[in-house]
Amino acid sequence: MLVAWLAALALLGAVAWQRLRVSTDLRSFMPAPATPDQRLLMEQLGEGPGSRLLLLAIAGQPGERLATLSRQLAAALRQDPRYTQVLNGSFDIGALDERLLPYRYLLSPTLDHQRMDAAFLRDELEQRLDDLSSPAATLLKGLLPRDPTLEVLKLAERWSPPKSPETRDGVWFSAQDEALLLVQTRAPGFDPEAQVQAIDGIRQAFDRLPDHGGATLTFSGPGYFSVVANAQTRGQAEWIGRVSTVGFVLLLLLAYRSIGSLLLSALPIASAALAGIVALIVSFPQVHGITLAFGFTLLGVAQEYPIRVLSHRRAGEDAVQSVRDLWPLLLTAIASACIAYLAFYASGVGGLEQLAVFTVTGLLVAGFSTRYLLPRLLPARVHDVAAMPWLLRARRLAEALPRPRWLPPLVALAAAIMLAVAPGPFWQNDLSALTPLPKDLLLRDARLRADLGAPDVRYLLVLQAVDEQGVLALSERLEPSLEALVARHAVDAVELPSRYLPSVAVQQARQRRLPDRATLGQALREAQQGLPFQPGLFAPFADDVEQARQLPALTPARFAASPLGQRLSTMLVSRDGHWLGLGTLSGVHDVAALRALASQSDGMVRLLDLKATAESLVVDYRTRILHALLVATALLVLAIALALRSLRRAWHVLAPMTLATFLVLAVERAAGVEISLFHLVALILAAGLGLHYALFFERDTGDAAEQRRTLHATLVCVASALLVFGMLAWSPIPVLRAIGLTVSLGVAFHFCLSILMAPHARQG
């Protein structure tokens, strides 16, 4: 049987290895958006322009050397398809595709207030003479015949971030003498694995630069944060997992003094984990990494099943018979835990549905393998734990404890008082409070974001129209009002879709202002009189203008072929029969002024507060889970009452579990802890453990030795849970700390109340 069991595990492991596809998109653990703003939030979290930005700083070398490294790194990254835009303050003619260069006269606002006549051209050519005697002469010589008015440079300046840092040696620098770059990745910001590849690509490109020794490259931005948070959480979990595993093994060796029993007891847990993974593979195309992490944590309940079997074995008794006597209560515990975990499936959240499938499958497999497979493999000779002297004294002490009838109402009253006087809000709706990122990293991001004028990650200006052209036209109409707000310092900078691509109507108006070839030729001859430019030098310029007069207007679809097409595509979104334009904001100082501007648009413009929308999403998420938990609680009460066939016995099981759960909440709230979604998950886990304690303490066979075995099994379960989750409680990562602290408190309270509220045992 052992060989067959191991072969089945090997088969499940092979299926998991070959077919498991792990997703890292954190949006899988967010509820389905219920409002348009929530839907837009979910898209912007992963696909929005702000979430894709990486902020880079190069330091550690003299300014000239840093400027060279910045230019070299930008040039290397612009050749890499993983990055859709690389900005460092230097001019990049590649920002406009060669085939689209004639469109520069339709994209630039120069002709909105100026005619391309002899006076205009004369002024431009005189400026070019001055430029040719400047350090920029090398750049201009190649550009001048085709673009004497420097429309390409004007567009490059227009397409640079609205608020740019100080420029030295042609590139951006911070006040701390760091060379700065903005890189927009093609990968979504909420995909840590893809962001790892993007960041590694930047590091490799930097390491290949000549003479980069001594210079340091630092990162910031949402994508980098997701990588750091993922690595820190995974590192902490793995370290705690290794240490707690060693501790758990030592604990079981101390408790049962049998290496064989210890190894065999691991088989139901391994079966549970592999069966849960295979169930996920069958049910879902991809499995989220957080599902596996939380799932293995919640499967901690299943470790109690083999522990109960090992502790309840009598000397000389067949293991199969021992488990058969224990099975009705163990089955009740398994069914109760499955009911509690099914609340995750009823939440309607993809990640939690996966979590429910994994844990329920795992618990069932662990329970039934413990019942039907494990007993047939356990050694015939066993050390009866009931004979341990210390356990005899511990049982006497537990039995001597008073069971006052006033204890439940007293605990309930104390919990209610603590909840009533607890400081601060009850619920934690701000997801940023759970970030594992160190404060110095957040402060550096704020500084670099201010230096670079990067978009604010909280506010978006949302423009709505029937089609793309309507959005672009609305964007153009808003530009003067928003420029006035910038002048009033209500906001530092605004970036609208029309900044990159004007509407067709505006392009056609500019096209009509372009002179024909003959008129332009005459204007050029007049403008060149007395200037040292060779005749015919500007023929490429005349050809481009003539071509621009005949071109069809540039559409977003055609513009997508340019390097900036990806940037525009993130700012134009099709939604339910209409189009949205997304304007990014930098340095918002007066939210009321922006709201007032939006209120004057007849609903066509609105200011979206992503933080407030995220909090509303969290509230909806929590409400779904709480509703599912209420249903699960009702089913749990019914299942326990039917299994025990007595309301009185059900009270002795459910009352300590309920009181302990509220006591955990009360203590955490009294300590100023705001309850998050992770606390709720931990409370469910702690309640599942506590239910087991209460079920077995309530069981009274009239056999003092059996009572000692029950106490032994429960003490081992409590010690193992405190070992694992007590370490999590000391983690510096808020999410892990929330889970560890909540479960540790829950285990302690459940254990104490289960003893104190259990009836005194009969002595047979």
# chains A, B, ... in the order shown; residues from 1 in each chain; ligands from 1
call {"tool": "residues_around", "arguments": {"residues": "Gln79 (chain A)", "least_positions_apart": "2", "cutoff": "12 Å", "atoms": "only C-alpha atoms", "output": "PyMOL selection string"}}
result
chain A and resi 72-77+81-86+94-95+201-202+205+563
call {"tool": "write_last_selection", "arguments": {"atoms": "N, CA and C atoms", "output": "PDB file, in the first residue's frame"}}
result
ATOM      1  N   GLN A  72      23.760  56.628 -23.191  1.00  0.00           N
ATOM      2  CA  GLN A  72      24.045  55.274 -23.665  1.00  0.00           C
ATOM      3  C   GLN A  72      22.965  54.289 -23.219  1.00  0.00           C
ATOM      4  N   LEU A  73      22.531  54.409 -21.965  1.00  0.00           N
ATOM      5  CA  LEU A  73      21.498  53.501 -21.465  1.00  0.00           C
ATOM      6  C   LEU A  73      20.178  53.741 -22.189  1.00  0.00           C
ATOM      7  N   ALA A  74      19.820  55.013 -22.410  1.00  0.00           N
ATOM      8  CA  ALA A  74      18.575  55.322 -23.122  1.00  0.00           C
ATOM      9  C   ALA A  74      18.613  54.761 -24.539  1.00  0.00           C
ATOM     10  N   ALA A  75      19.753  54.900 -25.211  1.00  0.00           N
ATOM     11  CA  ALA A  75      19.865  54.388 -26.581  1.00  0.00           C
ATOM     12  C   ALA A  75      19.714  52.867 -26.605  1.00  0.00           C
ATOM     13  N   ALA A  76      20.301  52.188 -25.611  1.00  0.00           N
ATOM     14  CA  ALA A  76      20.199  50.724 -25.567  1.00  0.00           C
ATOM     15  C   ALA A  76      18.764  50.276 -25.300  1.00  0.00           C
ATOM     16  N   LEU A  77      18.086  50.945 -24.393  1.00  0.00           N
ATOM     17  CA  LEU A  77      16.725  50.536 -24.036  1.00  0.00           C
ATOM     18  C   LEU A  77      15.733  50.818 -25.152  1.00  0.00           C
ATOM     19  N   PRO A  81      12.369  45.775 -27.253  1.00  0.00           N
ATOM     20  CA  PRO A  81      10.898  45.815 -27.360  1.00  0.00           C
ATOM     21  C   PRO A  81      10.180  45.742 -26.019  1.00  0.00           C
ATOM     22  N   ARG A  82      10.900  45.461 -24.934  1.00  0.00           N
ATOM     23  CA  ARG A  82      10.246  45.400 -23.624  1.00  0.00           C
ATOM     24  C   ARG A  82       9.886  46.777 -23.086  1.00  0.00           C
ATOM     25  N   TYR A  83      10.384  47.830 -23.752  1.00  0.00           N
ATOM     26  CA  TYR A  83      10.155  49.192 -23.266  1.00  0.00           C
ATOM     27  C   TYR A  83       9.518  50.009 -24.392  1.00  0.00           C
ATOM     28  N   THR A  84       8.412  50.643 -24.082  1.00  0.00           N
ATOM     29  CA  THR A  84       7.680  51.387 -25.107  1.00  0.00           C
ATOM     30  C   THR A  84       8.099  52.848 -25.173  1.00  0.00           C
ATOM     31  N   GLN A  85       8.716  53.360 -24.120  1.00  0.00           N
ATOM     32  CA  GLN A  85       9.142  54.764 -24.133  1.00  0.00           C
ATOM     33  C   GLN A  85      10.299  54.923 -23.148  1.00  0.00           C
ATOM     34  N   VAL A  86      11.326  55.617 -23.594  1.00  0.00           N
ATOM     35  CA  VAL A  86      12.490  55.904 -22.739  1.00  0.00           C
ATOM     36  C   VAL A  86      12.792  57.385 -22.867  1.00  0.00           C
ATOM     37  N   GLY A  94      13.904  59.497 -33.111  1.00  0.00           N
ATOM     38  CA  GLY A  94      13.201  58.230 -33.279  1.00  0.00           C
ATOM     39  C   GLY A  94      11.846  58.199 -32.625  1.00  0.00           C
ATOM     40  N   ALA A  95      11.504  59.235 -31.834  1.00  0.00           N
ATOM     41  CA  ALA A  95      10.174  59.274 -31.222  1.00  0.00           C
ATOM     42  C   ALA A  95       9.088  59.400 -32.269  1.00  0.00           C
ATOM     43  N   GLY A 201      16.420  43.414 -17.525  1.00  0.00           N
ATOM     44  CA  GLY A 201      16.894  43.891 -18.819  1.00  0.00           C
ATOM     45  C   GLY A 201      17.591  45.236 -18.704  1.00  0.00           C
ATOM     46  N   ILE A 202      17.055  46.117 -17.869  1.00  0.00           N
ATOM     47  CA  ILE A 202      17.691  47.424 -17.661  1.00  0.00           C
ATOM     48  C   ILE A 202      19.037  47.253 -16.968  1.00  0.00           C
ATOM     49  N   ALA A 205      21.549  45.896 -19.442  1.00  0.00           N
ATOM     50  CA  ALA A 205      21.967  46.936 -20.384  1.00  0.00           C
ATOM     51  C   ALA A 205      22.936  47.902 -19.714  1.00  0.00           C
ATOM     52  N   PRO A 563       6.680  54.905 -31.996  1.00  0.00           N
ATOM     53  CA  PRO A 563       7.094  54.542 -30.641  1.00  0.00           C
ATOM     54  C   PRO A 563       6.181  55.093 -29.557  1.00  0.00           C
TER      55      PRO A 563
END
call {"tool": "select_by_dssp", "arguments": {"residues": "region 431-657 of chain A", "states": "strand (DSSP E)", "output": "MDAnalysis selection string"}}
result
chainID A and resid 459:465 491:495 572:575 578:588 605:609
call {"tool": "write_last_selection", "arguments": {"atoms": "N, CA and C atoms", "output": "tab-separated table (two decimals), in the first residue's frame"}}
result
chain	number	residue	atom	x	y	z
A	459	TYR	N	-4.72	60.40	-8.88
A	459	TYR	CA	-5.80	61.06	-9.60
A	459	TYR	C	-5.68	60.86	-11.10
A	460	LEU	N	-6.84	60.73	-11.74
A	460	LEU	CA	-6.94	60.69	-13.20
A	460	LEU	C	-8.07	61.60	-13.64
A	461	LEU	N	-7.86	62.28	-14.76
A	461	LEU	CA	-8.92	63.07	-15.36
A	461	LEU	C	-9.53	62.21	-16.46
A	462	VAL	N	-10.81	61.89	-16.33
A	462	VAL	CA	-11.47	60.97	-17.26
A	462	VAL	C	-12.38	61.76	-18.19
A	463	LEU	N	-12.14	61.66	-19.50
A	463	LEU	CA	-12.93	62.35	-20.52
A	463	LEU	C	-13.78	61.32	-21.25
A	464	GLN	N	-15.05	61.61	-21.47
A	464	GLN	CA	-15.94	60.64	-22.11
A	464	GLN	C	-16.61	61.25	-23.33
A	465	ALA	N	-16.62	60.47	-24.43
A	465	ALA	CA	-17.26	60.91	-25.67
A	465	ALA	C	-17.71	59.68	-26.44
A	491	VAL	N	-2.39	72.57	-9.99
A	491	VAL	CA	-1.76	71.32	-10.37
A	491	VAL	C	-0.47	71.68	-11.09
A	492	ASP	N	0.55	70.86	-10.93
A	492	ASP	CA	1.84	71.19	-11.55
A	492	ASP	C	1.84	70.96	-13.05
A	493	ALA	N	1.21	69.87	-13.50
A	493	ALA	CA	1.22	69.57	-14.93
A	493	ALA	C	0.08	68.61	-15.24
A	494	VAL	N	-0.40	68.69	-16.50
A	494	VAL	CA	-1.48	67.82	-16.96
A	494	VAL	C	-1.06	67.23	-18.31
A	495	GLU	N	-1.35	65.98	-18.50
A	495	GLU	CA	-1.02	65.30	-19.76
A	495	GLU	C	-2.31	64.72	-20.33
A	572	LEU	N	-6.44	56.17	-24.37
A	572	LEU	CA	-7.72	56.08	-25.08
A	572	LEU	C	-8.28	54.68	-24.87
A	573	VAL	N	-9.46	54.59	-24.25
A	573	VAL	CA	-10.03	53.30	-23.86
A	573	VAL	C	-11.46	53.20	-24.37
A	574	SER	N	-11.76	52.10	-25.07
A	574	SER	CA	-13.14	51.85	-25.50
A	574	SER	C	-13.90	51.19	-24.36
A	575	ARG	N	-15.12	51.67	-24.12
A	575	ARG	CA	-15.88	51.16	-22.97
A	575	ARG	C	-17.37	51.21	-23.24
A	578	HIS	N	-18.85	53.58	-25.80
A	578	HIS	CA	-18.30	54.93	-25.85
A	578	HIS	C	-16.79	54.86	-25.60
A	579	TRP	N	-16.15	56.02	-25.66
A	579	TRP	CA	-14.70	56.07	-25.49
A	579	TRP	C	-14.35	56.96	-24.30
A	580	LEU	N	-13.25	56.57	-23.62
A	580	LEU	CA	-12.73	57.35	-22.51
A	580	LEU	C	-11.33	57.83	-22.84
A	581	GLY	N	-11.04	59.06	-22.45
A	581	GLY	CA	-9.69	59.60	-22.52
A	581	GLY	C	-9.17	59.80	-21.11
A	582	LEU	N	-7.95	59.37	-20.86
A	582	LEU	CA	-7.38	59.44	-19.52
A	582	LEU	C	-6.29	60.49	-19.48
A	583	GLY	N	-6.50	61.52	-18.68
A	583	GLY	CA	-5.49	62.56	-18.51
A	583	GLY	C	-4.77	62.36	-17.20
A	584	THR	N	-3.44	62.29	-17.26
A	584	THR	CA	-2.65	62.11	-16.03
A	584	THR	C	-2.28	63.47	-15.44
A	585	LEU	N	-2.18	63.49	-14.12
A	585	LEU	CA	-1.92	64.73	-13.39
A	585	LEU	C	-0.65	64.58	-12.58
A	586	SER	N	0.11	65.65	-12.50
A	586	SER	CA	1.32	65.68	-11.68
A	586	SER	C	1.22	66.81	-10.67
A	587	GLY	N	1.50	66.48	-9.41
A	587	GLY	CA	1.51	67.52	-8.37
A	587	GLY	C	0.17	68.18	-8.16
A	588	VAL	N	-0.83	67.41	-7.76
A	588	VAL	CA	-2.16	67.97	-7.51
A	588	VAL	C	-2.16	68.70	-6.16
A	605	VAL	N	-16.57	65.13	-18.29
A	605	VAL	CA	-15.26	65.06	-17.64
A	605	VAL	C	-15.49	64.81	-16.16
A	606	ARG	N	-14.68	63.95	-15.58
A	606	ARG	CA	-14.74	63.73	-14.14
A	606	ARG	C	-13.35	63.47	-13.59
A	607	LEU	N	-13.16	63.82	-12.34
A	607	LEU	CA	-11.89	63.57	-11.67
A	607	LEU	C	-12.02	62.25	-10.91
A	608	LEU	N	-11.21	61.28	-11.27
A	608	LEU	CA	-11.26	59.97	-10.64
A	608	LEU	C	-10.20	59.88	-9.56
A	609	ASP	N	-10.64	59.66	-8.33
A	609	ASP	CA	-9.75	59.45	-7.20
A	609	ASP	C	-9.53	57.95	-7.07
call {"tool": "residues_around", "arguments": {"residues": "Tyr103 (chain A)", "least_positions_apart": "2", "cutoff": "8 Å", "atoms": "only C-alpha atoms", "output": "list of chain:residue names"}}
result
A:Leu100, A:Leu101, A:Tyr105, A:Leu106, A:Leu107, A:Ala548, A:Leu551, A:Leu554
call {"tool": "write_last_selection", "arguments": {"atoms": "all heavy atoms", "output": "PDB file, in the first residue's frame"}}
result
ATOM      1  N   LEU A 100       6.237  58.796 -40.626  1.00  0.00           N
ATOM      2  CA  LEU A 100       5.282  59.764 -40.100  1.00  0.00           C
ATOM      3  C   LEU A 100       5.875  61.165 -39.972  1.00  0.00           C
ATOM      4  O   LEU A 100       5.186  62.085 -39.531  1.00  0.00           O
ATOM      5  CB  LEU A 100       4.778  59.299 -38.725  1.00  0.00           C
ATOM      6  CG  LEU A 100       4.092  57.934 -38.686  1.00  0.00           C
ATOM      7  CD1 LEU A 100       3.630  57.624 -37.272  1.00  0.00           C
ATOM      8  CD2 LEU A 100       2.917  57.885 -39.639  1.00  0.00           C
ATOM      9  N   LEU A 101       7.139  61.335 -40.376  1.00  0.00           N
ATOM     10  CA  LEU A 101       7.766  62.650 -40.234  1.00  0.00           C
ATOM     11  C   LEU A 101       7.009  63.767 -40.961  1.00  0.00           C
ATOM     12  O   LEU A 101       6.891  64.876 -40.432  1.00  0.00           O
ATOM     13  CB  LEU A 101       9.217  62.590 -40.732  1.00  0.00           C
ATOM     14  CG  LEU A 101      10.248  62.139 -39.693  1.00  0.00           C
ATOM     15  CD1 LEU A 101      11.628  62.038 -40.330  1.00  0.00           C
ATOM     16  CD2 LEU A 101      10.286  63.108 -38.523  1.00  0.00           C
ATOM     17  N   TYR A 105       3.824  68.613 -39.280  1.00  0.00           N
ATOM     18  CA  TYR A 105       3.147  69.904 -39.450  1.00  0.00           C
ATOM     19  C   TYR A 105       1.673  69.816 -39.043  1.00  0.00           C
ATOM     20  O   TYR A 105       1.043  70.828 -38.765  1.00  0.00           O
ATOM     21  CB  TYR A 105       3.270  70.367 -40.900  1.00  0.00           C
ATOM     22  CG  TYR A 105       4.707  70.458 -41.349  1.00  0.00           C
ATOM     23  CD1 TYR A 105       5.261  69.499 -42.187  1.00  0.00           C
ATOM     24  CD2 TYR A 105       5.522  71.484 -40.879  1.00  0.00           C
ATOM     25  CE1 TYR A 105       6.590  69.560 -42.578  1.00  0.00           C
ATOM     26  CE2 TYR A 105       6.847  71.560 -41.263  1.00  0.00           C
ATOM     27  CZ  TYR A 105       7.380  70.589 -42.097  1.00  0.00           C
ATOM     28  OH  TYR A 105       8.697  70.658 -42.460  1.00  0.00           O
ATOM     29  N   LEU A 106       1.126  68.589 -39.037  1.00  0.00           N
ATOM     30  CA  LEU A 106      -0.250  68.401 -38.590  1.00  0.00           C
ATOM     31  C   LEU A 106      -0.322  68.155 -37.083  1.00  0.00           C
ATOM     32  O   LEU A 106      -1.370  68.375 -36.473  1.00  0.00           O
ATOM     33  CB  LEU A 106      -0.901  67.222 -39.333  1.00  0.00           C
ATOM     34  CG  LEU A 106      -0.794  67.220 -40.858  1.00  0.00           C
ATOM     35  CD1 LEU A 106      -1.622  66.077 -41.442  1.00  0.00           C
ATOM     36  CD2 LEU A 106      -1.230  68.554 -41.437  1.00  0.00           C
ATOM     37  N   LEU A 107       0.785  67.684 -36.506  1.00  0.00           N
ATOM     38  CA  LEU A 107       0.810  67.370 -35.076  1.00  0.00           C
ATOM     39  C   LEU A 107       1.258  68.558 -34.233  1.00  0.00           C
ATOM     40  O   LEU A 107       0.831  68.707 -33.084  1.00  0.00           O
ATOM     41  CB  LEU A 107       1.754  66.184 -34.815  1.00  0.00           C
ATOM     42  CG  LEU A 107       1.403  64.870 -35.524  1.00  0.00           C
ATOM     43  CD1 LEU A 107       2.451  63.807 -35.220  1.00  0.00           C
ATOM     44  CD2 LEU A 107       0.023  64.382 -35.108  1.00  0.00           C
ATOM     45  N   ALA A 548       2.652  66.655 -46.841  1.00  0.00           N
ATOM     46  CA  ALA A 548       1.743  66.854 -45.712  1.00  0.00           C
ATOM     47  C   ALA A 548       0.403  67.410 -46.164  1.00  0.00           C
ATOM     48  O   ALA A 548      -0.638  67.125 -45.557  1.00  0.00           O
ATOM     49  CB  ALA A 548       2.381  67.791 -44.684  1.00  0.00           C
ATOM     50  N   LEU A 551      -1.681  64.319 -47.308  1.00  0.00           N
ATOM     51  CA  LEU A 551      -1.817  63.155 -46.428  1.00  0.00           C
ATOM     52  C   LEU A 551      -3.217  63.065 -45.827  1.00  0.00           C
ATOM     53  O   LEU A 551      -3.829  64.082 -45.500  1.00  0.00           O
ATOM     54  CB  LEU A 551      -0.806  63.236 -45.279  1.00  0.00           C
ATOM     55  CG  LEU A 551       0.662  62.985 -45.620  1.00  0.00           C
ATOM     56  CD1 LEU A 551       1.540  63.313 -44.413  1.00  0.00           C
ATOM     57  CD2 LEU A 551       0.873  61.533 -46.041  1.00  0.00           C
ATOM     58  N   LEU A 554      -4.033  61.769 -39.508  1.00  0.00           N
ATOM     59  CA  LEU A 554      -3.458  60.680 -38.720  1.00  0.00           C
ATOM     60  C   LEU A 554      -4.461  60.254 -37.642  1.00  0.00           C
ATOM     61  O   LEU A 554      -4.951  61.070 -36.854  1.00  0.00           O
ATOM     62  CB  LEU A 554      -2.158  61.152 -38.069  1.00  0.00           C
ATOM     63  CG  LEU A 554      -1.275  60.085 -37.417  1.00  0.00           C
ATOM     64  CD1 LEU A 554      -0.850  59.040 -38.442  1.00  0.00           C
ATOM     65  CD2 LEU A 554      -0.039  60.741 -36.800  1.00  0.00           C
TER      66      LEU A 554
END
call {"tool": "atom_distance", "arguments": {"atom1": "CA of Arg186 (chain A)", "atom2": "CA of Leu87 (chain A)"}}
result
14.6 Å
call {"tool": "closest_residue", "arguments": {"among": "A:Thr714, A:Ser503, A:Gln528, A:Thr570", "to": "Thr555 (chain A)", "atoms": "only C-alpha atoms"}}
result
A:Ser503
call {"tool": "closest_residue", "arguments": {"among": "A:Ala57, A:Ala596, A:Leu715, A:Leu723", "to": "Gly221 (chain A)", "atoms": "only C-alpha atoms"}}
result
A:Ala57
call {"tool": "atom_distance", "arguments": {"atom1": "CA of Ser265 (chain A)", "atom2": "CA of Val3 (chain A)"}}
result
15.2 Å
call {"tool": "closest_residue", "arguments": {"among": "A:Ser616, A:Gln428, A:Thr245, A:Ser731", "to": "Thr35 (chain A)", "atoms": "only C-alpha atoms"}}
result
A:Ser616
call {"tool": "residues_around", "arguments": {"residues": "Arg376 (chain A)", "least_positions_apart": "4", "cutoff": "10 Å", "atoms": "only C-alpha atoms", "output": "PyMOL selection string"}}
result
chain A and resi 1-2+318-320+370-372+380
call {"tool": "residues_around", "arguments": {"residues": "Tyr345 (chain A)", "least_positions_apart": "4", "cutoff": "8 Å", "atoms": "only C-alpha atoms", "output": "list in words"}}
result
Tyr341, Val349, Leu352, Glu353, Gln354, Leu355, Ala356 and Val357 of chain A
call {"tool": "select_by_dssp", "arguments": {"residues": "region 81-267 of chain A", "states": "helix (DSSP H, G or I)", "output": "number ranges by chain"}}
result
A: 93-95, 98-107, 109-112, 118-132, 137-143, 151-159, 192-207, 222-256, 259-267
call {"tool": "write_last_selection", "arguments": {"atoms": "C-alpha atoms", "output": "short mmCIF file (atom, residue, chain, number, x, y, z; two decimals), in the first residue's frame"}}
result
data_model
loop_
_atom_site.label_atom_id
_atom_site.label_comp_id
_atom_site.auth_asym_id
_atom_site.auth_seq_id
_atom_site.Cartn_x
_atom_site.Cartn_y
_atom_site.Cartn_z
CA ILE A 93 14.21 61.87 -33.45
CA GLY A 94 13.20 58.23 -33.28
CA ALA A 95 10.17 59.27 -31.22
CA GLU A 98 10.34 58.03 -40.38
CA ARG A 99 7.17 57.38 -42.36
CA LEU A 100 5.28 59.76 -40.10
CA LEU A 101 7.77 62.65 -40.23
CA PRO A 102 5.70 64.64 -42.80
CA TYR A 103 2.85 64.58 -40.27
CA ARG A 104 4.87 66.84 -37.95
CA TYR A 105 3.15 69.90 -39.45
CA LEU A 106 -0.25 68.40 -38.59
CA LEU A 107 0.81 67.37 -35.08
CA PRO A 109 0.59 73.56 -32.90
CA THR A 110 2.97 75.99 -34.62
CA LEU A 111 0.57 76.80 -37.48
CA ASP A 112 -2.40 77.37 -35.17
CA ALA A 118 8.34 84.58 -45.83
CA ALA A 119 8.47 86.55 -42.55
CA PHE A 120 8.03 83.41 -40.47
CA LEU A 121 10.60 81.46 -42.45
CA ARG A 122 13.08 84.38 -42.34
CA ASP A 123 12.87 84.50 -38.57
CA GLU A 124 13.34 80.72 -38.32
CA LEU A 125 16.37 80.70 -40.66
CA GLU A 126 18.05 83.51 -38.73
CA GLN A 127 17.58 81.50 -35.55
CA ARG A 128 19.15 78.48 -37.27
CA LEU A 129 22.22 80.54 -38.12
CA ASP A 130 22.63 81.32 -34.42
CA ASP A 131 22.05 77.64 -33.58
CA LEU A 132 24.77 76.53 -36.01
CA ALA A 137 25.38 72.48 -34.43
CA THR A 138 26.28 68.80 -34.93
CA LEU A 139 22.70 67.73 -34.32
CA LEU A 140 21.17 70.50 -36.44
CA LYS A 141 23.31 70.02 -39.55
CA GLY A 142 21.65 66.73 -40.39
CA LEU A 143 18.19 67.98 -39.50
CA GLU A 151 9.06 71.04 -35.80
CA VAL A 152 10.52 67.67 -34.79
CA LEU A 153 12.28 69.28 -31.85
CA LYS A 154 9.11 71.12 -30.90
CA LEU A 155 7.20 67.85 -30.93
CA ALA A 156 9.91 66.13 -28.91
CA GLU A 157 9.61 68.90 -26.33
CA ARG A 158 5.82 68.65 -26.39
CA TRP A 159 5.93 64.89 -25.90
CA PRO A 192 5.74 40.98 -10.88
CA GLU A 193 7.31 38.28 -13.06
CA ALA A 194 7.15 40.42 -16.21
CA GLN A 195 8.43 43.42 -14.26
CA VAL A 196 11.37 41.31 -13.00
CA GLN A 197 12.32 40.64 -16.62
CA ALA A 198 12.00 44.32 -17.51
CA ILE A 199 14.13 45.42 -14.55
CA ASP A 200 16.72 42.71 -15.21
CA GLY A 201 16.89 43.89 -18.82
CA ILE A 202 17.69 47.42 -17.66
CA ARG A 203 20.34 46.18 -15.23
CA GLN A 204 21.96 44.03 -17.94
CA ALA A 205 21.97 46.94 -20.38
CA PHE A 206 23.58 49.15 -17.73
CA ASP A 207 26.22 46.52 -16.92
CA PRO A 222 4.96 50.78 -9.16
CA GLY A 223 6.48 47.94 -11.20
CA TYR A 224 9.64 47.95 -9.10
CA PHE A 225 7.55 48.05 -5.92
CA SER A 226 5.62 44.96 -7.00
CA VAL A 227 8.92 43.13 -7.56
CA VAL A 228 10.34 44.19 -4.18
CA ALA A 229 7.11 43.36 -2.33
CA ASN A 230 6.87 39.97 -4.03
CA ALA A 231 10.51 39.13 -3.26
CA GLN A 232 10.33 40.27 0.37
CA THR A 233 7.08 38.42 1.07
CA ARG A 234 8.32 35.26 -0.62
CA GLY A 235 11.68 35.45 1.16
CA GLN A 236 10.09 35.93 4.56
CA ALA A 237 7.57 33.14 3.98
CA GLU A 238 10.27 30.72 2.80
CA TRP A 239 12.56 31.52 5.75
CA ILE A 240 9.74 31.17 8.26
CA GLY A 241 8.60 28.00 6.50
CA ARG A 242 12.05 26.39 6.78
CA VAL A 243 12.48 27.27 10.45
CA SER A 244 8.94 26.29 11.42
CA THR A 245 9.25 22.98 9.52
CA VAL A 246 12.35 22.06 11.51
CA GLY A 247 10.58 23.08 14.71
CA PHE A 248 7.48 21.08 13.78
CA VAL A 249 9.55 17.95 13.08
CA LEU A 250 11.34 18.27 16.42
CA LEU A 251 8.00 18.80 18.17
CA LEU A 252 6.51 15.62 16.70
CA LEU A 253 9.64 13.63 17.51
CA LEU A 254 9.42 14.83 21.09
CA ALA A 255 5.69 14.08 21.25
CA TYR A 256 5.70 10.60 19.65
CA ILE A 259 10.66 8.63 13.19
CA GLY A 260 8.57 6.13 11.23
CA SER A 261 5.28 7.52 12.52
CA LEU A 262 6.50 11.03 11.81
CA LEU A 263 7.33 10.24 8.19
CA LEU A 264 4.06 8.39 7.63
CA SER A 265 2.03 11.22 9.15
CA ALA A 266 3.43 13.53 6.45
CA LEU A 267 1.76 11.50 3.69
#
